[in-house]
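Here is the file work_2.txt (compact mmCIF, N, CA and C atoms).
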# COMPACT_ATOMS: atom_id res chain seq x y z
N MET A 12 0.84 -1.18 0.00
CA MET A 12 0.00 0.00 0.00
C MET A 12 0.88 1.23 0.00
N SER A 13 0.75 2.04 -1.03
CA SER A 13 1.48 3.29 -1.04
C SER A 13 0.70 4.33 -1.83
N CYS A 14 0.43 5.45 -1.19
CA CYS A 14 -0.30 6.55 -1.81
C CYS A 14 0.62 7.74 -2.02
N GLY A 15 1.90 7.54 -1.97
CA GLY A 15 2.82 8.63 -2.19
C GLY A 15 3.27 9.34 -0.93
N GLY A 16 2.87 8.86 0.23
CA GLY A 16 3.37 9.38 1.49
C GLY A 16 2.99 10.81 1.79
N THR A 17 1.72 11.15 1.65
CA THR A 17 1.33 12.53 1.91
C THR A 17 0.26 12.62 2.98
N LYS A 18 0.43 13.56 3.89
CA LYS A 18 -0.61 13.84 4.88
C LYS A 18 -1.62 14.82 4.30
N ASP A 19 -1.37 15.34 3.08
CA ASP A 19 -2.31 16.25 2.43
C ASP A 19 -3.50 15.50 1.83
N LEU A 20 -3.43 14.18 1.84
CA LEU A 20 -4.50 13.34 1.31
C LEU A 20 -5.44 12.98 2.46
N MET A 21 -6.69 13.44 2.38
CA MET A 21 -7.67 13.17 3.43
C MET A 21 -8.41 11.88 3.09
N LEU A 22 -8.41 10.94 4.03
CA LEU A 22 -9.07 9.64 3.87
C LEU A 22 -10.35 9.65 4.69
N LEU A 23 -11.49 9.53 4.02
CA LEU A 23 -12.79 9.53 4.69
C LEU A 23 -13.44 8.18 4.40
N ALA A 24 -13.61 7.38 5.43
CA ALA A 24 -14.03 6.00 5.24
C ALA A 24 -15.39 5.70 5.85
N CYS A 25 -16.08 4.79 5.20
CA CYS A 25 -17.28 4.19 5.76
C CYS A 25 -16.86 3.38 6.98
N SER A 26 -17.74 3.31 7.94
CA SER A 26 -17.50 2.38 9.06
C SER A 26 -18.83 1.73 9.41
N GLY A 27 -19.61 1.46 8.38
CA GLY A 27 -20.96 0.93 8.54
C GLY A 27 -21.02 -0.43 9.19
N GLY A 28 -22.23 -0.90 9.43
CA GLY A 28 -22.49 -2.12 10.17
C GLY A 28 -22.38 -3.38 9.34
N SER A 29 -21.30 -3.51 8.62
CA SER A 29 -21.06 -4.71 7.81
C SER A 29 -19.56 -4.92 7.68
N ASN A 30 -19.20 -6.06 7.14
CA ASN A 30 -17.78 -6.34 6.92
C ASN A 30 -17.13 -5.30 6.03
N VAL A 31 -17.82 -4.88 4.95
CA VAL A 31 -17.19 -3.96 4.00
C VAL A 31 -17.00 -2.56 4.60
N GLY A 32 -17.90 -2.14 5.47
CA GLY A 32 -17.71 -0.87 6.16
C GLY A 32 -16.50 -0.91 7.06
N GLN A 33 -16.34 -2.01 7.76
CA GLN A 33 -15.19 -2.15 8.67
C GLN A 33 -13.88 -2.31 7.89
N ILE A 34 -13.95 -2.97 6.74
CA ILE A 34 -12.76 -3.10 5.89
C ILE A 34 -12.34 -1.72 5.39
N ALA A 35 -13.31 -0.91 4.96
CA ALA A 35 -13.01 0.46 4.50
C ALA A 35 -12.33 1.25 5.61
N ASN A 36 -12.87 1.16 6.81
CA ASN A 36 -12.31 1.87 7.96
C ASN A 36 -10.90 1.38 8.27
N ASP A 37 -10.70 0.06 8.28
CA ASP A 37 -9.37 -0.49 8.58
C ASP A 37 -8.35 -0.11 7.51
N ALA A 38 -8.78 -0.06 6.26
CA ALA A 38 -7.85 0.33 5.19
C ALA A 38 -7.40 1.78 5.38
N ALA A 39 -8.35 2.67 5.71
CA ALA A 39 -7.99 4.07 5.95
C ALA A 39 -7.05 4.19 7.14
N ARG A 40 -7.35 3.43 8.18
CA ARG A 40 -6.50 3.46 9.38
C ARG A 40 -5.09 2.97 9.06
N SER A 41 -5.00 1.92 8.27
CA SER A 41 -3.69 1.37 7.89
C SER A 41 -2.90 2.37 7.06
N LEU A 42 -3.57 3.00 6.10
CA LEU A 42 -2.88 3.99 5.26
C LEU A 42 -2.41 5.17 6.10
N ASP A 43 -3.22 5.61 7.04
CA ASP A 43 -2.82 6.69 7.94
C ASP A 43 -1.59 6.27 8.75
N SER A 44 -1.62 5.08 9.29
CA SER A 44 -0.50 4.58 10.10
C SER A 44 0.80 4.51 9.31
N LEU A 45 0.66 4.26 8.01
CA LEU A 45 1.83 4.18 7.14
C LEU A 45 2.27 5.55 6.61
N GLY A 46 1.56 6.61 7.02
CA GLY A 46 1.89 7.95 6.55
C GLY A 46 1.46 8.20 5.12
N GLN A 47 0.47 7.44 4.65
CA GLN A 47 0.03 7.54 3.26
C GLN A 47 -1.20 8.42 3.08
N GLY A 48 -1.57 9.12 4.09
CA GLY A 48 -2.74 9.99 4.07
C GLY A 48 -3.14 10.25 5.50
N ARG A 49 -4.21 11.04 5.65
CA ARG A 49 -4.68 11.38 6.98
C ARG A 49 -6.14 10.98 7.08
N MET A 50 -6.42 10.05 7.98
CA MET A 50 -7.79 9.63 8.19
C MET A 50 -8.55 10.75 8.88
N PHE A 51 -9.80 10.96 8.46
CA PHE A 51 -10.61 12.04 9.02
C PHE A 51 -12.02 11.52 9.25
N CYS A 52 -12.75 12.12 10.14
CA CYS A 52 -14.08 11.66 10.53
C CYS A 52 -15.13 12.06 9.49
N ALA A 53 -15.58 11.09 8.71
CA ALA A 53 -16.60 11.34 7.69
C ALA A 53 -17.92 11.75 8.32
N VAL A 54 -18.27 11.16 9.46
CA VAL A 54 -19.53 11.50 10.12
C VAL A 54 -19.49 12.94 10.63
N GLY A 55 -18.36 13.36 11.17
CA GLY A 55 -18.22 14.74 11.63
C GLY A 55 -18.40 15.73 10.50
N VAL A 56 -17.88 15.39 9.32
CA VAL A 56 -18.07 16.25 8.15
C VAL A 56 -19.54 16.27 7.78
N ALA A 57 -20.15 15.08 7.67
CA ALA A 57 -21.55 14.98 7.26
C ALA A 57 -22.48 15.72 8.21
N LEU A 58 -22.17 15.70 9.50
CA LEU A 58 -23.00 16.39 10.49
C LEU A 58 -22.66 17.88 10.61
N GLN A 59 -21.68 18.31 9.82
CA GLN A 59 -21.24 19.70 9.81
C GLN A 59 -20.82 20.18 11.19
N MET A 60 -20.11 19.31 11.90
CA MET A 60 -19.57 19.70 13.20
C MET A 60 -18.55 20.81 13.00
N GLU A 61 -18.43 21.67 14.00
CA GLU A 61 -17.59 22.85 13.88
C GLU A 61 -16.19 22.50 13.37
N GLY A 62 -15.82 23.11 12.27
CA GLY A 62 -14.49 22.96 11.70
C GLY A 62 -14.31 21.76 10.77
N PHE A 63 -15.20 20.79 10.84
CA PHE A 63 -15.02 19.58 10.05
C PHE A 63 -15.19 19.82 8.54
N PRO A 64 -16.30 20.42 8.09
CA PRO A 64 -16.42 20.65 6.64
C PRO A 64 -15.31 21.57 6.11
N GLU A 65 -14.94 22.56 6.90
CA GLU A 65 -13.88 23.47 6.48
C GLU A 65 -12.56 22.73 6.30
N ALA A 66 -12.26 21.82 7.21
CA ALA A 66 -11.02 21.04 7.09
C ALA A 66 -11.07 20.16 5.84
N ALA A 67 -12.24 19.59 5.56
CA ALA A 67 -12.37 18.74 4.36
C ALA A 67 -12.19 19.58 3.09
N ARG A 68 -12.77 20.76 3.08
CA ARG A 68 -12.62 21.63 1.90
C ARG A 68 -11.17 22.08 1.73
N ALA A 69 -10.46 22.28 2.83
CA ALA A 69 -9.09 22.78 2.78
C ALA A 69 -8.07 21.71 2.41
N ALA A 70 -8.44 20.46 2.50
CA ALA A 70 -7.51 19.37 2.16
C ALA A 70 -7.11 19.48 0.70
N LYS A 71 -5.90 19.07 0.42
CA LYS A 71 -5.42 19.10 -0.96
C LYS A 71 -6.20 18.10 -1.83
N ALA A 72 -6.53 16.95 -1.26
CA ALA A 72 -7.31 15.93 -1.97
C ALA A 72 -8.07 15.10 -0.96
N ARG A 73 -9.24 14.62 -1.38
CA ARG A 73 -10.11 13.81 -0.51
C ARG A 73 -10.44 12.50 -1.21
N VAL A 74 -10.34 11.40 -0.46
CA VAL A 74 -10.70 10.09 -0.98
C VAL A 74 -11.84 9.54 -0.14
N ALA A 75 -12.94 9.20 -0.80
CA ALA A 75 -14.07 8.54 -0.15
C ALA A 75 -13.84 7.04 -0.29
N ILE A 76 -13.77 6.36 0.84
CA ILE A 76 -13.63 4.90 0.83
C ILE A 76 -14.97 4.35 1.33
N ASP A 77 -15.81 3.99 0.36
CA ASP A 77 -17.16 3.52 0.68
C ASP A 77 -17.19 2.01 0.74
N GLY A 78 -17.99 1.48 1.65
CA GLY A 78 -18.12 0.03 1.78
C GLY A 78 -18.89 -0.60 0.65
N CYS A 79 -19.97 0.07 0.23
CA CYS A 79 -20.83 -0.53 -0.78
C CYS A 79 -21.29 0.50 -1.80
N GLU A 80 -22.11 0.04 -2.71
CA GLU A 80 -22.57 0.89 -3.82
C GLU A 80 -23.47 2.04 -3.38
N LYS A 81 -23.94 2.03 -2.16
CA LYS A 81 -24.75 3.16 -1.68
C LYS A 81 -23.93 4.45 -1.63
N GLY A 82 -22.63 4.34 -1.43
CA GLY A 82 -21.73 5.49 -1.50
C GLY A 82 -22.01 6.58 -0.49
N CYS A 83 -22.28 6.21 0.74
CA CYS A 83 -22.65 7.18 1.78
C CYS A 83 -21.60 8.27 1.98
N VAL A 84 -20.34 7.92 1.99
CA VAL A 84 -19.29 8.92 2.22
C VAL A 84 -19.26 9.91 1.06
N ARG A 85 -19.23 9.38 -0.16
CA ARG A 85 -19.22 10.26 -1.34
C ARG A 85 -20.45 11.17 -1.35
N LYS A 86 -21.63 10.61 -1.10
CA LYS A 86 -22.86 11.40 -1.12
C LYS A 86 -22.87 12.47 -0.03
N ALA A 87 -22.35 12.15 1.15
CA ALA A 87 -22.30 13.13 2.23
C ALA A 87 -21.41 14.31 1.85
N LEU A 88 -20.27 14.02 1.25
CA LEU A 88 -19.37 15.10 0.83
C LEU A 88 -20.01 15.93 -0.27
N GLU A 89 -20.58 15.26 -1.26
CA GLU A 89 -21.21 15.98 -2.37
C GLU A 89 -22.38 16.83 -1.91
N ALA A 90 -23.13 16.38 -0.91
CA ALA A 90 -24.26 17.15 -0.38
C ALA A 90 -23.80 18.48 0.21
N LEU A 91 -22.55 18.52 0.65
CA LEU A 91 -22.00 19.75 1.22
C LEU A 91 -21.11 20.49 0.22
N ALA A 92 -21.17 20.08 -1.04
CA ALA A 92 -20.35 20.67 -2.10
C ALA A 92 -18.86 20.57 -1.80
N ILE A 93 -18.47 19.46 -1.18
CA ILE A 93 -17.06 19.18 -0.92
C ILE A 93 -16.59 18.22 -2.00
N PRO A 94 -15.55 18.57 -2.73
CA PRO A 94 -15.10 17.72 -3.82
C PRO A 94 -14.65 16.34 -3.35
N VAL A 95 -14.97 15.35 -4.15
CA VAL A 95 -14.46 13.98 -3.95
C VAL A 95 -13.46 13.76 -5.08
N ASP A 96 -12.20 13.69 -4.72
CA ASP A 96 -11.16 13.58 -5.73
C ASP A 96 -10.97 12.15 -6.22
N ALA A 97 -11.30 11.19 -5.37
CA ALA A 97 -11.24 9.77 -5.74
C ALA A 97 -12.20 9.02 -4.83
N GLN A 98 -12.73 7.92 -5.36
CA GLN A 98 -13.61 7.07 -4.57
C GLN A 98 -13.22 5.62 -4.81
N VAL A 99 -13.21 4.85 -3.73
CA VAL A 99 -13.02 3.41 -3.79
C VAL A 99 -14.23 2.79 -3.11
N VAL A 100 -14.82 1.78 -3.77
CA VAL A 100 -15.98 1.08 -3.22
C VAL A 100 -15.56 -0.37 -2.99
N VAL A 101 -15.59 -0.78 -1.73
CA VAL A 101 -15.09 -2.10 -1.34
C VAL A 101 -15.78 -3.22 -2.11
N THR A 102 -17.10 -3.16 -2.26
CA THR A 102 -17.82 -4.25 -2.94
C THR A 102 -17.44 -4.34 -4.42
N GLU A 103 -16.95 -3.26 -5.00
CA GLU A 103 -16.51 -3.30 -6.40
C GLU A 103 -15.16 -3.99 -6.56
N LEU A 104 -14.55 -4.35 -5.45
CA LEU A 104 -13.27 -5.05 -5.48
C LEU A 104 -13.45 -6.55 -5.28
N GLY A 105 -14.68 -7.02 -5.42
CA GLY A 105 -14.96 -8.45 -5.31
C GLY A 105 -15.15 -8.94 -3.89
N ILE A 106 -15.37 -8.03 -2.96
CA ILE A 106 -15.60 -8.41 -1.57
C ILE A 106 -17.11 -8.28 -1.32
N GLU A 107 -17.73 -9.37 -0.98
CA GLU A 107 -19.17 -9.40 -0.80
C GLU A 107 -19.58 -8.82 0.55
N LYS A 108 -20.61 -7.98 0.52
CA LYS A 108 -21.12 -7.36 1.74
C LYS A 108 -21.92 -8.37 2.54
N ALA A 109 -21.66 -8.42 3.85
CA ALA A 109 -22.41 -9.31 4.74
C ALA A 109 -22.41 -8.72 6.14
N HIS A 110 -23.40 -9.10 6.90
CA HIS A 110 -23.44 -8.65 8.30
C HIS A 110 -22.62 -9.62 9.15
N ARG A 111 -21.31 -9.50 8.98
CA ARG A 111 -20.34 -10.28 9.73
C ARG A 111 -19.07 -9.44 9.82
N PHE A 112 -18.26 -9.77 10.76
CA PHE A 112 -17.08 -8.93 10.97
C PHE A 112 -15.79 -9.72 10.96
N ASP A 113 -15.82 -10.88 10.38
CA ASP A 113 -14.59 -11.65 10.19
C ASP A 113 -14.14 -11.45 8.76
N TYR A 114 -13.05 -10.77 8.61
CA TYR A 114 -12.47 -10.51 7.29
C TYR A 114 -10.97 -10.61 7.42
N SER A 115 -10.32 -10.69 6.29
CA SER A 115 -8.88 -10.97 6.32
C SER A 115 -8.04 -9.71 6.13
N PRO A 116 -6.81 -9.77 6.59
CA PRO A 116 -5.88 -8.68 6.34
C PRO A 116 -5.66 -8.47 4.83
N GLU A 117 -5.80 -9.55 4.06
CA GLU A 117 -5.64 -9.45 2.61
C GLU A 117 -6.74 -8.58 1.99
N GLU A 118 -7.95 -8.69 2.54
CA GLU A 118 -9.05 -7.85 2.04
C GLU A 118 -8.79 -6.38 2.36
N VAL A 119 -8.29 -6.10 3.54
CA VAL A 119 -7.95 -4.73 3.92
C VAL A 119 -6.85 -4.21 3.00
N ALA A 120 -5.85 -5.04 2.74
CA ALA A 120 -4.74 -4.64 1.86
C ALA A 120 -5.24 -4.40 0.43
N ARG A 121 -6.20 -5.20 -0.04
CA ARG A 121 -6.76 -5.02 -1.38
C ARG A 121 -7.39 -3.63 -1.50
N VAL A 122 -8.10 -3.21 -0.46
CA VAL A 122 -8.72 -1.88 -0.48
C VAL A 122 -7.64 -0.80 -0.41
N GLY A 123 -6.65 -0.98 0.44
CA GLY A 123 -5.56 -0.02 0.53
C GLY A 123 -4.84 0.14 -0.80
N ASP A 124 -4.61 -0.98 -1.48
CA ASP A 124 -3.97 -0.92 -2.79
C ASP A 124 -4.84 -0.19 -3.80
N ALA A 125 -6.15 -0.40 -3.74
CA ALA A 125 -7.08 0.28 -4.65
C ALA A 125 -7.06 1.79 -4.40
N VAL A 126 -6.98 2.19 -3.14
CA VAL A 126 -6.88 3.61 -2.82
C VAL A 126 -5.59 4.17 -3.41
N ALA A 127 -4.50 3.46 -3.24
CA ALA A 127 -3.21 3.90 -3.77
C ALA A 127 -3.29 4.10 -5.28
N LYS A 128 -3.91 3.17 -5.98
CA LYS A 128 -4.05 3.27 -7.43
C LYS A 128 -4.96 4.43 -7.82
N ALA A 129 -6.01 4.66 -7.04
CA ALA A 129 -6.95 5.74 -7.34
C ALA A 129 -6.32 7.11 -7.20
N VAL A 130 -5.38 7.27 -6.28
CA VAL A 130 -4.80 8.59 -6.06
C VAL A 130 -3.58 8.87 -6.92
N VAL A 131 -3.09 7.87 -7.63
CA VAL A 131 -1.93 8.09 -8.51
C VAL A 131 -2.25 9.17 -9.53
N ALA A 132 -3.47 9.20 -10.03
CA ALA A 132 -3.86 10.17 -11.05
C ALA A 132 -4.13 11.56 -10.49
N LEU A 133 -4.15 11.72 -9.20
CA LEU A 133 -4.46 13.04 -8.61
C LEU A 133 -3.29 13.99 -8.74

I need this file expressed as C-alpha cells, please.
Amino acid sequence: MSCGGTKDLMLLACSGGSNVGQIANDAARSLDSLGQGRMFCAVGVALQMEGFPEAARAAKARVAIDGCEKGCVRKALEALAIPVDAQVVVTELGIEKAHRFDYSPEEVARVGDAVAKAVVAL
C-alpha cells in the first residue's frame, strides 16, 4: 500500500455495520499509520460539526472509501459541495457485503492498494 506518502491526502471511510464498512475503515486506518494519508471523521463532516467541513474543503485531496454501492461517504461530501477527488468502493473489489465482521488482512490490503491506485492520477 502506497499513496505517495502525503498527509495532504484526506481519507474519509465508511465504518458501517457490515464487513465492507469495517474493511473500509481499517484500510484508511492502515494507510494513515503508514503515513500515506490522513484519516478524518466522515460523520463529523456529514454532520457539519464545527471545523469539520472546512477542514475537508481545505484538504489538498479527498478520498471517499465507501463500503458498498450506496456510496454514503461520497454522497455526504457531495451534499456539502465538498469535492471527492477519488472514490473506492469495497464491494466493487470483489468483496461481498455481509453482516459479519470476520475478514482478512488481505481484504484490507486489497482496499488499501485500490486507494493507492486511485490517487496516482491526482

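Residue nearest Ala92 in chain A, chosen from A:Ala132, A:Ala120, A:Ala67, A:Ile34 and counting only C-alpha atoms: A:Ala67.
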
Using only C-alpha atoms, which residue out of A:Ala109, A:Ala57, A:Val74, A:Ala69 lies closest to Leu91 in chain A?
->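 Smallest distance to Leu91 in chain A is found for A:Ala57.
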
Counting all atoms listed in the file, write as a ChimeraX atom specification all protein and nucleic acid residues lying at most 6 Å from (-11.0, 8.5, -2.7) in the file's frame.
-> /A:73-76,96-99

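The spacing separating CA of Ile93 in chain A from CA of Phe51 in chain A amounts to 13.8 Å.
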
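In this structure, atom N of Gln59 in chain A sits 28.9 Å away from atom C of Val131 in chain A.
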
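In this model, the gap between CA of Gln47 in chain A and CA of Ala24 in chain A comes to 14.3 Å.
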
Shell of 8 Å around Cys25 in chain A, only N, CA and C atoms, local chain residues under 3 positions omitted, as a VMD selection string | chain A and resid 22 28 31 to 37 53 to 54 75 to 79 83 to 85

Test item, alpha helix (DSSP H) assignment across chain A, answer as a ChimeraX atom specification = /A:30-44,53-57,63-69,83-90,116-131

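Candidate residues A:Glu89, A:Asn30, A:Pro94, A:Ser41 were compared for distance to Tyr114 in chain A, and the nearest is A:Asn30, using only N, CA and C atoms.
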
If you run DSSP over the backbone, which residues in chain A end up strand (DSSP E or B)? Put them as a VMD selection string.
-> chain A and resid 20 to 24 49 to 51 72 to 77 97 to 100

Could you work out an axis-aligned box for range 33-41 of chain A, taking every atom the file lists and adding 5 Å on each side, and report centre and edge lengths in Å to one decimal, as lines of an AutoDock Vina configuration file?
center_x = -9.6
center_y = 0.5
center_z = 6.9
size_x = 23.4
size_y = 17.3
size_z = 14.9

With distances taken over only N, CA and C atoms, the candidate from A:His110, A:Lys71, A:Arg121, A:Lys86 nearest Asp19 in chain A is A:Lys71

Keeping N, CA and C atoms (and nothing else), can you write range 40-66 of chain A of this structure as an mmCIF file, in the first residue's frame?
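Saved to decode17.cif:
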data_model
loop_
_atom_site.group_PDB
_atom_site.id
_atom_site.type_symbol
_atom_site.label_atom_id
_atom_site.label_comp_id
_atom_site.auth_asym_id
_atom_site.auth_seq_id
_atom_site.Cartn_x
_atom_site.Cartn_y
_atom_site.Cartn_z
ATOM 1 N N ARG A 40 -7.350 3.432 8.178
ATOM 2 C CA ARG A 40 -6.504 3.463 9.380
ATOM 3 C C ARG A 40 -5.086 2.973 9.060
ATOM 4 N N SER A 41 -5.000 1.916 8.273
ATOM 5 C CA SER A 41 -3.685 1.374 7.893
ATOM 6 C C SER A 41 -2.899 2.373 7.061
ATOM 7 N N LEU A 42 -3.567 2.999 6.097
ATOM 8 C CA LEU A 42 -2.883 3.994 5.260
ATOM 9 C C LEU A 42 -2.405 5.171 6.100
ATOM 10 N N ASP A 43 -3.219 5.609 7.042
ATOM 11 C CA ASP A 43 -2.816 6.687 7.939
ATOM 12 C C ASP A 43 -1.594 6.272 8.753
ATOM 13 N N SER A 44 -1.624 5.078 9.293
ATOM 14 C CA SER A 44 -0.498 4.580 10.101
ATOM 15 C C SER A 44 0.798 4.510 9.307
ATOM 16 N N LEU A 45 0.664 4.258 8.012
ATOM 17 C CA LEU A 45 1.835 4.184 7.138
ATOM 18 C C LEU A 45 2.267 5.548 6.609
ATOM 19 N N GLY A 46 1.558 6.608 7.017
ATOM 20 C CA GLY A 46 1.892 7.950 6.546
ATOM 21 C C GLY A 46 1.460 8.201 5.119
ATOM 22 N N GLN A 47 0.471 7.440 4.648
ATOM 23 C CA GLN A 47 0.034 7.540 3.262
ATOM 24 C C GLN A 47 -1.202 8.421 3.083
ATOM 25 N N GLY A 48 -1.572 9.125 4.090
ATOM 26 C CA GLY A 48 -2.740 9.989 4.067
ATOM 27 C C GLY A 48 -3.145 10.254 5.497
ATOM 28 N N ARG A 49 -4.207 11.037 5.646
ATOM 29 C CA ARG A 49 -4.675 11.382 6.985
ATOM 30 C C ARG A 49 -6.143 10.984 7.085
ATOM 31 N N MET A 50 -6.422 10.053 7.975
ATOM 32 C CA MET A 50 -7.795 9.626 8.193
ATOM 33 C C MET A 50 -8.548 10.754 8.883
ATOM 34 N N PHE A 51 -9.799 10.955 8.465
ATOM 35 C CA PHE A 51 -10.606 12.036 9.018
ATOM 36 C C PHE A 51 -12.018 11.519 9.249
ATOM 37 N N CYS A 52 -12.745 12.120 10.143
ATOM 38 C CA CYS A 52 -14.078 11.665 10.528
ATOM 39 C C CYS A 52 -15.129 12.063 9.494
ATOM 40 N N ALA A 53 -15.576 11.089 8.711
ATOM 41 C CA ALA A 53 -16.597 11.340 7.694
ATOM 42 C C ALA A 53 -17.923 11.748 8.324
ATOM 43 N N VAL A 54 -18.271 11.161 9.457
ATOM 44 C CA VAL A 54 -19.530 11.501 10.123
ATOM 45 C C VAL A 54 -19.486 12.941 10.632
ATOM 46 N N GLY A 55 -18.365 13.356 11.169
ATOM 47 C CA GLY A 55 -18.222 14.739 11.632
ATOM 48 C C GLY A 55 -18.402 15.734 10.497
ATOM 49 N N VAL A 56 -17.876 15.395 9.323
ATOM 50 C CA VAL A 56 -18.066 16.247 8.152
ATOM 51 C C VAL A 56 -19.544 16.265 7.775
ATOM 52 N N ALA A 57 -20.146 15.083 7.670
ATOM 53 C CA ALA A 57 -21.553 14.976 7.260
ATOM 54 C C ALA A 57 -22.484 15.725 8.208
ATOM 55 N N LEU A 58 -22.173 15.702 9.496
ATOM 56 C CA LEU A 58 -22.999 16.395 10.489
ATOM 57 C C LEU A 58 -22.660 17.878 10.607
ATOM 58 N N GLN A 59 -21.683 18.307 9.822
ATOM 59 C CA GLN A 59 -21.241 19.697 9.807
ATOM 60 C C GLN A 59 -20.816 20.180 11.190
ATOM 61 N N MET A 60 -20.110 19.306 11.902
ATOM 62 C CA MET A 60 -19.570 19.697 13.204
ATOM 63 C C MET A 60 -18.554 20.815 13.002
ATOM 64 N N GLU A 61 -18.432 21.665 14.003
ATOM 65 C CA GLU A 61 -17.589 22.846 13.883
ATOM 66 C C GLU A 61 -16.185 22.499 13.374
ATOM 67 N N GLY A 62 -15.822 23.106 12.271
ATOM 68 C CA GLY A 62 -14.487 22.958 11.697
ATOM 69 C C GLY A 62 -14.313 21.761 10.772
ATOM 70 N N PHE A 63 -15.200 20.794 10.835
ATOM 71 C CA PHE A 63 -15.019 19.576 10.046
ATOM 72 C C PHE A 63 -15.189 19.817 8.544
ATOM 73 N N PRO A 64 -16.302 20.422 8.091
ATOM 74 C CA PRO A 64 -16.421 20.655 6.644
ATOM 75 C C PRO A 64 -15.314 21.566 6.112
ATOM 76 N N GLU A 65 -14.939 22.559 6.905
ATOM 77 C CA GLU A 65 -13.878 23.474 6.480
ATOM 78 C C GLU A 65 -12.556 22.734 6.300
ATOM 79 N N ALA A 66 -12.259 21.824 7.209
ATOM 80 C CA ALA A 66 -11.025 21.036 7.088
ATOM 81 C C ALA A 66 -11.070 20.162 5.844
#
